[in-house]
>>> print(open('input.txt').read())   # compact mmCIF, C-alpha atoms
# COMPACT_ATOMS: atom_id res chain seq x y z
CA MET A 32 -33.92 -1.88 29.02
CA PRO A 33 -30.23 -1.02 28.55
CA ARG A 34 -29.04 -1.21 24.99
CA PRO A 35 -26.87 -4.20 24.01
CA ASP A 36 -23.15 -3.50 23.74
CA HIS A 37 -21.94 -2.92 20.19
CA VAL A 38 -18.91 -4.95 19.06
CA LEU A 39 -17.08 -4.01 15.85
CA ILE A 40 -15.20 -6.95 14.29
CA VAL A 41 -12.28 -5.88 12.10
CA ASP A 42 -10.97 -8.85 10.10
CA ASP A 43 -10.31 -9.26 6.38
CA ASP A 44 -11.63 -12.84 6.46
CA GLU A 45 -15.31 -12.52 5.60
CA GLU A 46 -16.11 -15.99 6.90
CA ILE A 47 -14.60 -15.22 10.33
CA ARG A 48 -16.44 -11.89 10.46
CA ASP A 49 -19.76 -13.54 9.68
CA LEU A 50 -19.23 -16.40 12.13
CA LEU A 51 -18.27 -14.05 14.95
CA ARG A 52 -21.12 -11.67 14.24
CA ALA A 53 -23.61 -14.54 14.30
CA TYR A 54 -22.13 -16.03 17.49
CA LEU A 55 -21.95 -12.73 19.36
CA GLY A 56 -25.41 -11.80 18.13
CA ARG A 57 -26.82 -15.00 19.64
CA ASN A 58 -25.18 -13.98 22.91
CA GLY A 59 -26.83 -10.59 23.17
CA PHE A 60 -24.46 -8.24 21.37
CA ARG A 61 -25.05 -5.84 18.54
CA THR A 62 -22.33 -6.33 15.92
CA SER A 63 -20.90 -4.81 12.80
CA GLY A 64 -17.95 -5.75 10.64
CA ALA A 65 -15.08 -4.15 8.74
CA ALA A 66 -12.52 -5.71 6.41
CA ASP A 67 -9.75 -3.12 6.78
CA GLY A 68 -8.72 0.19 8.32
CA PRO A 69 -10.80 2.56 6.15
CA ALA A 70 -13.92 0.46 6.76
CA MET A 71 -13.17 0.45 10.49
CA TRP A 72 -12.93 4.25 10.66
CA GLU A 73 -16.14 4.52 8.65
CA ALA A 74 -17.94 2.19 11.07
CA LEU A 75 -16.65 4.12 14.06
CA ALA A 76 -17.85 7.40 12.60
CA ALA A 77 -21.29 5.93 11.88
CA GLY A 78 -22.23 4.95 15.41
CA ASP A 79 -21.41 4.11 18.99
CA VAL A 80 -18.98 1.21 19.34
CA ASP A 81 -18.35 -0.31 22.77
CA LEU A 82 -15.50 -2.69 21.86
CA ILE A 83 -13.38 -3.51 18.81
CA VAL A 84 -12.15 -7.01 17.98
CA LEU A 85 -9.12 -6.18 15.83
CA ASP A 86 -7.10 -8.68 13.79
CA VAL A 87 -3.36 -7.99 13.55
CA MET A 88 -2.99 -9.23 9.96
CA LEU A 89 -4.93 -6.80 7.78
CA PRO A 90 -4.39 -5.43 4.25
CA GLY A 91 -2.99 -1.92 4.17
CA GLU A 92 -2.45 -0.67 7.70
CA ASP A 93 -1.97 -3.64 9.99
CA GLY A 94 -3.81 -4.12 13.25
CA LEU A 95 -0.95 -2.85 15.43
CA THR A 96 -0.79 0.43 13.52
CA LEU A 97 -4.56 0.81 13.67
CA CYS A 98 -4.49 0.05 17.39
CA ARG A 99 -1.92 2.77 18.00
CA ASN A 100 -3.87 5.31 15.94
CA LEU A 101 -7.12 4.31 17.62
CA ARG A 102 -5.67 4.76 21.07
CA ALA A 103 -4.43 8.25 20.20
CA ARG A 104 -8.01 9.25 19.33
CA SER A 105 -10.26 7.09 21.47
CA HIS A 106 -10.50 5.02 24.64
CA VAL A 107 -12.79 2.37 23.14
CA PRO A 108 -11.66 -1.07 24.41
CA ILE A 109 -9.66 -3.13 21.91
CA LEU A 110 -9.26 -6.91 21.88
CA MET A 111 -6.61 -8.00 19.40
CA LEU A 112 -6.54 -11.28 17.48
CA THR A 113 -2.98 -12.41 16.76
CA ALA A 114 -1.92 -15.05 14.25
CA ARG A 115 0.68 -16.34 16.67
CA GLY A 116 0.76 -16.63 20.44
CA GLU A 117 4.32 -15.37 20.73
CA ASP A 118 5.22 -13.03 23.57
CA VAL A 119 6.43 -10.31 21.18
CA ASP A 120 2.99 -10.08 19.53
CA ARG A 121 1.23 -9.81 22.85
CA ILE A 122 3.66 -7.25 24.24
CA LEU A 123 3.49 -5.11 21.09
CA GLY A 124 -0.31 -5.19 21.19
CA LEU A 125 -0.40 -4.11 24.83
CA GLU A 126 2.17 -1.39 24.23
CA MET A 127 0.05 -0.03 21.39
CA GLY A 128 -2.90 0.19 23.78
CA ALA A 129 -4.85 -3.05 23.36
CA ASP A 130 -6.91 -4.14 26.37
CA ASP A 131 -6.55 -7.86 25.73
CA TYR A 132 -5.36 -10.30 23.09
CA LEU A 133 -6.25 -13.77 21.86
CA PRO A 134 -4.13 -15.93 19.53
CA LYS A 135 -5.67 -17.69 16.53
CA PRO A 136 -7.09 -20.26 16.32
CA PHE A 137 -9.35 -19.60 19.29
CA ASN A 138 -12.49 -20.99 20.89
CA PRO A 139 -15.41 -18.59 20.35
CA ARG A 140 -16.48 -19.20 23.94
CA GLU A 141 -13.12 -17.88 25.15
CA LEU A 142 -13.46 -14.82 22.92
CA LEU A 143 -16.93 -14.23 24.36
CA ALA A 144 -15.60 -14.53 27.92
CA ARG A 145 -12.77 -12.10 27.21
CA ILE A 146 -15.13 -9.58 25.58
CA LYS A 147 -17.42 -9.72 28.59
CA SER A 148 -14.47 -9.31 30.95
CA VAL A 149 -13.09 -6.27 29.11
CA LEU A 150 -16.53 -4.65 28.92
CA ARG A 151 -17.23 -5.37 32.58
CA ARG A 152 -14.07 -3.55 33.55
CA ALA A 153 -14.81 -0.69 31.17
CA HIS A 154 -18.26 -0.27 32.72
CA THR A 155 -17.35 -0.69 36.39
CA LEU A 156 -13.78 0.42 37.02
CA PRO A 157 -12.83 4.08 37.50
CA GLY A 158 -12.87 5.80 34.12
CA ARG A 159 -9.71 6.19 32.15
CA LEU A 160 -8.09 9.56 32.17
CA THR A 161 -9.47 11.84 29.51
CA GLU A 162 -7.73 14.78 27.93
CA ALA A 163 -10.53 17.05 29.14
CA ASP A 164 -9.87 16.06 32.77
CA ALA A 165 -6.10 16.47 32.62
CA PRO A 166 -4.15 19.58 33.57
CA LYS A 167 -2.34 21.18 30.67
CA GLU A 168 1.03 20.35 32.20
CA PHE A 169 2.59 18.12 34.84
CA ARG A 170 5.94 19.42 36.12
CA PHE A 171 8.29 17.14 38.06
CA ALA A 172 12.05 16.96 38.72
CA GLY A 173 12.80 19.40 35.89
CA TRP A 174 10.57 17.54 33.41
CA THR A 175 7.30 18.74 31.88
CA LEU A 176 4.59 16.50 30.46
CA ASP A 177 2.52 18.60 28.06
CA THR A 178 -0.89 16.90 27.86
CA VAL A 179 -2.07 19.14 25.03
CA ALA A 180 0.83 18.30 22.70
CA ARG A 181 1.27 14.89 24.41
CA GLN A 182 5.00 15.57 24.72
CA LEU A 183 7.62 15.03 27.41
CA VAL A 184 10.05 17.96 27.61
CA SER A 185 13.34 17.98 29.51
CA GLU A 186 14.65 20.84 31.64
CA GLN A 187 16.81 21.84 28.65
CA GLY A 188 13.76 22.04 26.38
CA VAL A 189 14.48 18.79 24.55
CA VAL A 190 11.35 16.94 23.44
CA VAL A 191 11.48 13.23 24.26
CA ALA A 192 9.26 11.04 22.09
CA LEU A 193 6.85 8.76 23.98
CA SER A 194 4.79 5.90 22.65
CA SER A 195 1.07 6.00 23.36
CA ALA A 196 1.50 3.39 26.11
CA GLU A 197 4.42 5.27 27.69
CA TYR A 198 2.44 8.52 27.64
CA ARG A 199 -0.57 6.94 29.35
CA LEU A 200 1.59 5.19 31.94
CA LEU A 201 3.45 8.40 32.81
CA ARG A 202 0.19 10.33 33.14
CA ILE A 203 -1.17 7.72 35.53
CA LEU A 204 2.00 7.76 37.64
CA LEU A 205 1.94 11.58 37.73
CA THR A 206 -1.74 11.67 38.64
CA HIS A 207 -1.04 9.24 41.50
CA ALA A 208 2.35 10.69 42.48
CA ASN A 209 3.87 9.31 45.70
CA GLN A 210 1.26 6.55 45.75
CA VAL A 211 2.37 2.96 45.27
CA LEU A 212 0.47 1.31 42.41
CA SER A 213 0.50 -2.45 41.96
CA ARG A 214 0.90 -4.08 38.55
CA ASP A 215 -2.80 -5.01 38.62
CA GLN A 216 -3.78 -1.41 39.42
CA LEU A 217 -1.62 -0.09 36.61
CA MET A 218 -2.94 -2.70 34.18
CA ASN A 219 -6.52 -1.87 35.19
CA LEU A 220 -6.01 1.87 34.83
CA ILE A 221 -4.27 1.52 31.46
CA HIS A 222 -5.90 -1.54 29.90
CA HIS A 223 -8.90 -2.34 32.15
CA ARG A 224 -7.70 -5.85 32.90
CA ASP A 225 -5.60 -7.63 35.53
CA ALA A 226 -1.98 -8.56 34.93
CA GLY A 227 -1.55 -12.29 34.43
CA PRO A 228 0.89 -14.24 36.60
CA PHE A 229 3.52 -14.22 33.82
CA ASP A 230 2.52 -10.88 32.26
CA ARG A 231 5.55 -8.58 32.16
CA GLY A 232 3.94 -5.89 30.00
CA ILE A 233 3.88 -3.31 32.80
CA ASP A 234 7.48 -4.08 33.83
CA ILE A 235 8.65 -3.59 30.24
CA GLN A 236 6.75 -0.31 29.90
CA ILE A 237 8.21 0.94 33.21
CA SER A 238 11.71 0.03 32.02
CA ARG A 239 11.26 1.89 28.75
CA LEU A 240 9.76 4.92 30.50
CA ARG A 241 12.75 5.03 32.85
CA GLN A 242 15.02 5.07 29.80
CA ARG A 243 13.09 8.03 28.37
CA LEU A 244 13.62 9.86 31.68
CA GLY A 245 17.34 9.06 31.73
CA GLU A 246 17.01 6.93 34.83
CA ASP A 247 19.74 4.62 36.14
CA ALA A 248 18.04 1.22 36.00
CA ARG A 249 19.98 0.05 39.05
CA GLU A 250 19.08 3.07 41.22
CA PRO A 251 16.10 4.92 39.73
CA ARG A 252 15.21 8.10 41.60
CA LEU A 253 11.96 9.03 39.85
CA ILE A 254 10.03 5.80 39.27
CA LYS A 255 10.92 3.48 42.13
CA THR A 256 10.15 -0.19 42.54
CA VAL A 257 8.51 -1.12 45.84
CA ARG A 258 9.31 -4.77 46.40
CA ASN A 259 6.27 -7.07 46.38
CA GLU A 260 3.97 -4.06 45.93
CA GLY A 261 4.51 -2.24 42.66
CA TYR A 262 5.83 1.12 41.45
CA VAL A 263 5.71 4.71 42.66
CA LEU A 264 6.64 8.04 41.11
CA ALA A 265 8.51 9.36 44.15
CA VAL A 266 8.99 13.09 43.50
CA PRO A 267 6.79 16.18 44.00
CA VAL A 268 4.51 16.98 41.06
CA MET A 269 3.02 20.38 40.17
CA THR A 270 0.14 20.80 37.76
CA VAL A 271 -0.61 23.77 35.52
CA GLY A 272 -3.96 24.56 33.92
>>> encode(input="input.txt", output="structure tokens")
Amino acid sequence: MPRPDHVLIVDDDEEIRDLLRAYLGRNGFRTSGAADGPAMWEALAAGDVDLIVLDVMLPGEDGLTLCRNLRARSHVPILMLTARGEDVDRILGLEMGADDYLPKPFNPRELLARIKSVLRRAHTLPGRLTEADAPKEFRFAGWTLDTVARQLVSEQGVVVALSSAEYRLLRILLTHANQVLSRDQLMNLIHHRDAGPFDRGIDIQISRLRQRLGEDAREPRLIKTVRNEGYVLAVPVMTVG
């Protein structure tokens, strides 16, 4: 029999941790809990974790910071719990690399459904890009994306800082150069979930990535919008290594 998926619940509220562990356990999951960042890292080092339920409001490093640091080291799916359902919280979580989000208070049945959905995508969709699979460099239109240092370098040798989400998005566009990718495809490749009907996370990330590349928002020449279809990186790309 396949082993049950292991869900790590990171929340400083012991009662919530215990309730979620009991509920998910009754629904076929293995679970463990952590009250803060150090306990989370310890739990991750101790064993295989298939998904992390991560609360935003934590003592010490908050959930957004932990999410960003997690995504720099690992591709384990992350479902964030936010204290508010405001757009800024959701967008920040997605930009930091979360796969899904759920505002508190929430129905445990909805959390269960979202966990199953994220895991289903993680198990069945094409795997996320790994550093081992990537070329050492992508070169395009005078720019170089160094996948070892995770840096974007201009033709003049200037290093342009990228967020984790911007780096992953650019790598995906470069890997699929001159191929139109829909918002759902981009969301699946980055976050393993579909874009909702009012989800502008991908559009915002594209806009910010264009800014990093010095693009004219009115007439971008590198990352082009294909009306009613999606986005395409529309220049030749050379790989090294």
>>> closest_residue(input="input.txt", among="A:Ala66, A:Gln216, A:Arg170, A:Val190", to="Gly91 (chain A)", atoms="only C-alpha atoms")
A:Ala66
>>> closest_residue(input="input.txt", among="A:Leu110, A:Ala265, A:Leu217, A:Ala103", to="Asp86 (chain A)", atoms="all atoms listed in the file")
A:Leu110
>>> closest_residue(input="input.txt", among="A:Val107, A:Ala248, A:Leu82, A:Leu112", to="Lys135 (chain A)", atoms="all atoms listed in the file")
A:Leu112
>>> residues_around(input="input.txt", residues="Val38 (chain A)", least_positions_apart="6", cutoff="8 Å", atoms="only C-alpha atoms", output="list in words")
Phe60, Arg61, Thr62, Ser63, Val80, Asp81, Leu82, Ile83 and Val84 of chain A
>>> axis_aligned_box(input="input.txt", around="region 44-58 of chain A", padding_each_side="4 Å", output="AutoDock Vina command-line options")
--center_x -19.2 --center_y -14.0 --center_z 14.3 --size_x 23.2 --size_y 12.7 --size_z 25.3
>>> closest_residue(input="input.txt", among="A:Val191, A:Ala70, A:Leu55, A:Val211", to="Leu142 (chain A)", atoms="all atoms listed in the file")
A:Leu55
>>> atom_distance(input="input.txt", atom1="CA of Arg258 (chain A)", atom2="CA of Gln236 (chain A)")
17.3 Å
>>> residues_around(input="input.txt", residues="Arg145 (chain A)", least_positions_apart="4", cutoff="8 Å", atoms="only C-alpha atoms", output="list in words")
Asp131, Glu141 and Val149 of chain A
>>> residues_around(input="input.txt", residues="Ile203 (chain A)", least_positions_apart="2", cutoff="10 Å", atoms="only C-alpha atoms", output="JSON list (two decimals) with C-alpha atoms, in the coordinates of the input")
[["chain", "number", "residue", "atom", "x", "y", "z"],
["A", 159, "ARG", "CA", -9.71, 6.19, 32.15],
["A", 160, "LEU", "CA", -8.09, 9.56, 32.17],
["A", 197, "GLU", "CA", 4.42, 5.27, 27.69],
["A", 198, "TYR", "CA", 2.44, 8.52, 27.64],
["A", 199, "ARG", "CA", -0.57, 6.94, 29.35],
["A", 200, "LEU", "CA", 1.59, 5.19, 31.94],
["A", 201, "LEU", "CA", 3.45, 8.40, 32.81],
["A", 205, "LEU", "CA", 1.94, 11.58, 37.73],
["A", 206, "THR", "CA", -1.74, 11.67, 38.64],
["A", 207, "HIS", "CA", -1.04, 9.24, 41.50],
["A", 208, "ALA", "CA", 2.35, 10.69, 42.48],
["A", 212, "LEU", "CA", 0.47, 1.31, 42.41],
["A", 217, "LEU", "CA", -1.62, -0.09, 36.61],
["A", 220, "LEU", "CA", -6.01, 1.87, 34.83],
["A", 221, "ILE", "CA", -4.27, 1.52, 31.46],
["A", 264, "LEU", "CA", 6.64, 8.04, 41.11]]
>>> closest_residue(input="input.txt", among="A:Gly232, A:Pro267, A:Pro166, A:Gly245", to="Ser185 (chain A)", atoms="only C-alpha atoms")
A:Gly245
>>> closest_residue(input="input.txt", among="A:Met218, A:Ile254, A:Val268, A:Val41", to="Glu73 (chain A)", atoms="all atoms listed in the file")
A:Val41
>>> decode(input="input.txt", residues="region 60-109 of chain A", atoms="N, CA and C atoms", output="PDB file, in the first residue's frame")
ATOM      1  N   PHE A  60      -4.336  11.065   6.624  1.00  0.00           N
ATOM      2  CA  PHE A  60      -3.026  11.688   6.522  1.00  0.00           C
ATOM      3  C   PHE A  60      -2.164  11.377   7.739  1.00  0.00           C
ATOM      4  N   ARG A  61      -0.875  11.314   7.531  1.00  0.00           N
ATOM      5  CA  ARG A  61       0.070  11.385   8.637  1.00  0.00           C
ATOM      6  C   ARG A  61       0.294  12.857   8.935  1.00  0.00           C
ATOM      7  N   THR A  62       0.433  13.230  10.187  1.00  0.00           N
ATOM      8  CA  THR A  62       0.597  14.634  10.531  1.00  0.00           C
ATOM      9  C   THR A  62       1.676  14.833  11.581  1.00  0.00           C
ATOM     10  N   SER A  63       2.224  16.022  11.572  1.00  0.00           N
ATOM     11  CA  SER A  63       3.093  16.470  12.662  1.00  0.00           C
ATOM     12  C   SER A  63       2.862  17.962  12.813  1.00  0.00           C
ATOM     13  N   GLY A  64       3.335  18.519  13.920  1.00  0.00           N
ATOM     14  CA  GLY A  64       3.066  19.918  14.201  1.00  0.00           C
ATOM     15  C   GLY A  64       4.320  20.666  14.610  1.00  0.00           C
ATOM     16  N   ALA A  65       4.282  21.982  14.406  1.00  0.00           N
ATOM     17  CA  ALA A  65       5.377  22.864  14.816  1.00  0.00           C
ATOM     18  C   ALA A  65       4.776  24.205  15.211  1.00  0.00           C
ATOM     19  N   ALA A  66       5.335  24.806  16.266  1.00  0.00           N
ATOM     20  CA  ALA A  66       4.789  26.060  16.784  1.00  0.00           C
ATOM     21  C   ALA A  66       5.460  27.290  16.202  1.00  0.00           C
ATOM     22  N   ASP A  67       6.624  27.120  15.568  1.00  0.00           N
ATOM     23  CA  ASP A  67       7.348  28.286  15.042  1.00  0.00           C
ATOM     24  C   ASP A  67       8.352  27.823  13.987  1.00  0.00           C
ATOM     25  N   GLY A  68       9.138  28.785  13.482  1.00  0.00           N
ATOM     26  CA  GLY A  68      10.096  28.479  12.436  1.00  0.00           C
ATOM     27  C   GLY A  68      11.130  27.433  12.809  1.00  0.00           C
ATOM     28  N   PRO A  69      11.846  27.595  13.950  1.00  0.00           N
ATOM     29  CA  PRO A  69      12.850  26.590  14.308  1.00  0.00           C
ATOM     30  C   PRO A  69      12.265  25.181  14.416  1.00  0.00           C
ATOM     31  N   ALA A  70      11.071  25.067  14.994  1.00  0.00           N
ATOM     32  CA  ALA A  70      10.438  23.746  15.096  1.00  0.00           C
ATOM     33  C   ALA A  70      10.059  23.219  13.719  1.00  0.00           C
ATOM     34  N   MET A  71       9.684  24.097  12.808  1.00  0.00           N
ATOM     35  CA  MET A  71       9.362  23.676  11.447  1.00  0.00           C
ATOM     36  C   MET A  71      10.588  23.100  10.752  1.00  0.00           C
ATOM     37  N   TRP A  72      11.713  23.821  10.831  1.00  0.00           N
ATOM     38  CA  TRP A  72      12.937  23.333  10.183  1.00  0.00           C
ATOM     39  C   TRP A  72      13.370  22.002  10.787  1.00  0.00           C
ATOM     40  N   GLU A  73      13.206  21.876  12.097  1.00  0.00           N
ATOM     41  CA  GLU A  73      13.567  20.617  12.763  1.00  0.00           C
ATOM     42  C   GLU A  73      12.695  19.470  12.257  1.00  0.00           C
ATOM     43  N   ALA A  74      11.402  19.732  12.104  1.00  0.00           N
ATOM     44  CA  ALA A  74      10.485  18.699  11.608  1.00  0.00           C
ATOM     45  C   ALA A  74      10.807  18.322  10.168  1.00  0.00           C
ATOM     46  N   LEU A  75      11.162  19.304   9.360  1.00  0.00           N
ATOM     47  CA  LEU A  75      11.510  19.021   7.973  1.00  0.00           C
ATOM     48  C   LEU A  75      12.773  18.186   7.874  1.00  0.00           C
ATOM     49  N   ALA A  76      13.731  18.467   8.749  1.00  0.00           N
ATOM     50  CA  ALA A  76      14.978  17.703   8.726  1.00  0.00           C
ATOM     51  C   ALA A  76      14.782  16.278   9.214  1.00  0.00           C
ATOM     52  N   ALA A  77      13.748  16.069  10.024  1.00  0.00           N
ATOM     53  CA  ALA A  77      13.546  14.747  10.640  1.00  0.00           C
ATOM     54  C   ALA A  77      12.886  13.737   9.707  1.00  0.00           C
ATOM     55  N   GLY A  78      12.164  14.203   8.704  1.00  0.00           N
ATOM     56  CA  GLY A  78      11.481  13.222   7.867  1.00  0.00           C
ATOM     57  C   GLY A  78      10.842  13.831   6.648  1.00  0.00           C
ATOM     58  N   ASP A  79      10.275  12.948   5.822  1.00  0.00           N
ATOM     59  CA  ASP A  79       9.652  13.373   4.573  1.00  0.00           C
ATOM     60  C   ASP A  79       8.332  14.090   4.849  1.00  0.00           C
ATOM     61  N   VAL A  80       8.198  15.276   4.317  1.00  0.00           N
ATOM     62  CA  VAL A  80       6.971  16.066   4.452  1.00  0.00           C
ATOM     63  C   VAL A  80       6.426  16.307   3.052  1.00  0.00           C
ATOM     64  N   ASP A  81       5.146  16.016   2.847  1.00  0.00           N
ATOM     65  CA  ASP A  81       4.544  16.156   1.523  1.00  0.00           C
ATOM     66  C   ASP A  81       3.846  17.492   1.331  1.00  0.00           C
ATOM     67  N   LEU A  82       3.446  18.143   2.422  1.00  0.00           N
ATOM     68  CA  LEU A  82       2.770  19.445   2.328  1.00  0.00           C
ATOM     69  C   LEU A  82       2.869  20.141   3.675  1.00  0.00           C
ATOM     70  N   ILE A  83       3.005  21.476   3.638  1.00  0.00           N
ATOM     71  CA  ILE A  83       3.063  22.269   4.864  1.00  0.00           C
ATOM     72  C   ILE A  83       1.858  23.198   4.916  1.00  0.00           C
ATOM     73  N   VAL A  84       1.119  23.155   6.019  1.00  0.00           N
ATOM     74  CA  VAL A  84       0.081  24.137   6.304  1.00  0.00           C
ATOM     75  C   VAL A  84       0.736  25.182   7.196  1.00  0.00           C
ATOM     76  N   LEU A  85       0.901  26.398   6.677  1.00  0.00           N
ATOM     77  CA  LEU A  85       1.745  27.402   7.321  1.00  0.00           C
ATOM     78  C   LEU A  85       0.933  28.650   7.669  1.00  0.00           C
ATOM     79  N   ASP A  86       0.843  28.951   8.958  1.00  0.00           N
ATOM     80  CA  ASP A  86       0.136  30.148   9.414  1.00  0.00           C
ATOM     81  C   ASP A  86       1.006  31.380   9.171  1.00  0.00           C
ATOM     82  N   VAL A  87       0.388  32.479   8.754  1.00  0.00           N
ATOM     83  CA  VAL A  87       1.140  33.714   8.520  1.00  0.00           C
ATOM     84  C   VAL A  87       1.623  34.321   9.833  1.00  0.00           C
ATOM     85  N   MET A  88       0.751  34.352  10.838  1.00  0.00           N
ATOM     86  CA  MET A  88       1.076  35.013  12.103  1.00  0.00           C
ATOM     87  C   MET A  88       1.788  34.038  13.041  1.00  0.00           C
ATOM     88  N   LEU A  89       3.102  34.137  13.091  1.00  0.00           N
ATOM     89  CA  LEU A  89       3.904  33.259  13.941  1.00  0.00           C
ATOM     90  C   LEU A  89       4.876  34.103  14.762  1.00  0.00           C
ATOM     91  N   PRO A  90       5.278  33.623  15.932  1.00  0.00           N
ATOM     92  CA  PRO A  90       6.310  34.334  16.703  1.00  0.00           C
ATOM     93  C   PRO A  90       7.658  34.224  15.998  1.00  0.00           C
ATOM     94  N   GLY A  91       8.489  35.230  16.155  1.00  0.00           N
ATOM     95  CA  GLY A  91       9.780  35.209  15.465  1.00  0.00           C
ATOM     96  C   GLY A  91       9.568  35.483  13.985  1.00  0.00           C
ATOM     97  N   GLU A  92      10.158  34.656  13.137  1.00  0.00           N
ATOM     98  CA  GLU A  92       9.940  34.796  11.700  1.00  0.00           C
ATOM     99  C   GLU A  92       8.483  34.514  11.365  1.00  0.00           C
ATOM    100  N   ASP A  93       7.861  35.426  10.621  1.00  0.00           N
ATOM    101  CA  ASP A  93       6.461  35.197  10.278  1.00  0.00           C
ATOM    102  C   ASP A  93       6.345  34.201   9.126  1.00  0.00           C
ATOM    103  N   GLY A  94       5.101  33.808   8.835  1.00  0.00           N
ATOM    104  CA  GLY A  94       4.878  32.786   7.834  1.00  0.00           C
ATOM    105  C   GLY A  94       5.333  33.180   6.443  1.00  0.00           C
ATOM    106  N   LEU A  95       5.210  34.460   6.083  1.00  0.00           N
ATOM    107  CA  LEU A  95       5.639  34.902   4.757  1.00  0.00           C
ATOM    108  C   LEU A  95       7.149  34.762   4.599  1.00  0.00           C
ATOM    109  N   THR A  96       7.888  35.140   5.632  1.00  0.00           N
ATOM    110  CA  THR A  96       9.351  34.997   5.588  1.00  0.00           C
ATOM    111  C   THR A  96       9.737  33.527   5.504  1.00  0.00           C
ATOM    112  N   LEU A  97       9.081  32.697   6.311  1.00  0.00           N
ATOM    113  CA  LEU A  97       9.374  31.261   6.270  1.00  0.00           C
ATOM    114  C   LEU A  97       9.035  30.674   4.908  1.00  0.00           C
ATOM    115  N   CYS A  98       7.932  31.124   4.320  1.00  0.00           N
ATOM    116  CA  CYS A  98       7.536  30.646   3.005  1.00  0.00           C
ATOM    117  C   CYS A  98       8.609  30.973   1.971  1.00  0.00           C
ATOM    118  N   ARG A  99       9.081  32.197   1.996  1.00  0.00           N
ATOM    119  CA  ARG A  99      10.128  32.612   1.054  1.00  0.00           C
ATOM    120  C   ARG A  99      11.397  31.784   1.244  1.00  0.00           C
ATOM    121  N   ASN A 100      11.809  31.581   2.491  1.00  0.00           N
ATOM    122  CA  ASN A 100      13.019  30.803   2.750  1.00  0.00           C
ATOM    123  C   ASN A 100      12.832  29.329   2.392  1.00  0.00           C
ATOM    124  N   LEU A 101      11.635  28.821   2.649  1.00  0.00           N
ATOM    125  CA  LEU A 101      11.326  27.446   2.262  1.00  0.00           C
ATOM    126  C   LEU A 101      11.435  27.259   0.764  1.00  0.00           C
ATOM    127  N   ARG A 102      10.846  28.185   0.027  1.00  0.00           N
ATOM    128  CA  ARG A 102      10.815  28.040  -1.420  1.00  0.00           C
ATOM    129  C   ARG A 102      12.199  28.134  -2.030  1.00  0.00           C
ATOM    130  N   ALA A 103      13.115  28.843  -1.382  1.00  0.00           N
ATOM    131  CA  ALA A 103      14.484  28.926  -1.876  1.00  0.00           C
ATOM    132  C   ALA A 103      15.219  27.603  -1.696  1.00  0.00           C
ATOM    133  N   ARG A 104      14.746  26.768  -0.764  1.00  0.00           N
ATOM    134  CA  ARG A 104      15.433  25.506  -0.469  1.00  0.00           C
ATOM    135  C   ARG A 104      14.689  24.274  -0.952  1.00  0.00           C
ATOM    136  N   SER A 105      13.380  24.384  -1.111  1.00  0.00           N
ATOM    137  CA  SER A 105      12.570  23.185  -1.309  1.00  0.00           C
ATOM    138  C   SER A 105      11.366  23.488  -2.187  1.00  0.00           C
ATOM    139  N   HIS A 106      10.833  22.446  -2.818  1.00  0.00           N
ATOM    140  CA  HIS A 106       9.621  22.579  -3.623  1.00  0.00           C
ATOM    141  C   HIS A 106       8.420  21.937  -2.935  1.00  0.00           C
ATOM    142  N   VAL A 107       8.523  21.649  -1.651  1.00  0.00           N
ATOM    143  CA  VAL A 107       7.389  21.061  -0.930  1.00  0.00           C
ATOM    144  C   VAL A 107       6.187  22.002  -1.016  1.00  0.00           C
ATOM    145  N   PRO A 108       5.001  21.500  -1.344  1.00  0.00           N
ATOM    146  CA  PRO A 108       3.820  22.374  -1.436  1.00  0.00           C
ATOM    147  C   PRO A 108       3.522  23.070  -0.117  1.00  0.00           C
ATOM    148  N   ILE A 109       3.075  24.329  -0.217  1.00  0.00           N
ATOM    149  CA  ILE A 109       2.762  25.146   0.962  1.00  0.00           C
ATOM    150  C   ILE A 109       1.356  25.699   0.832  1.00  0.00           C
TER     151      ILE A 109
END
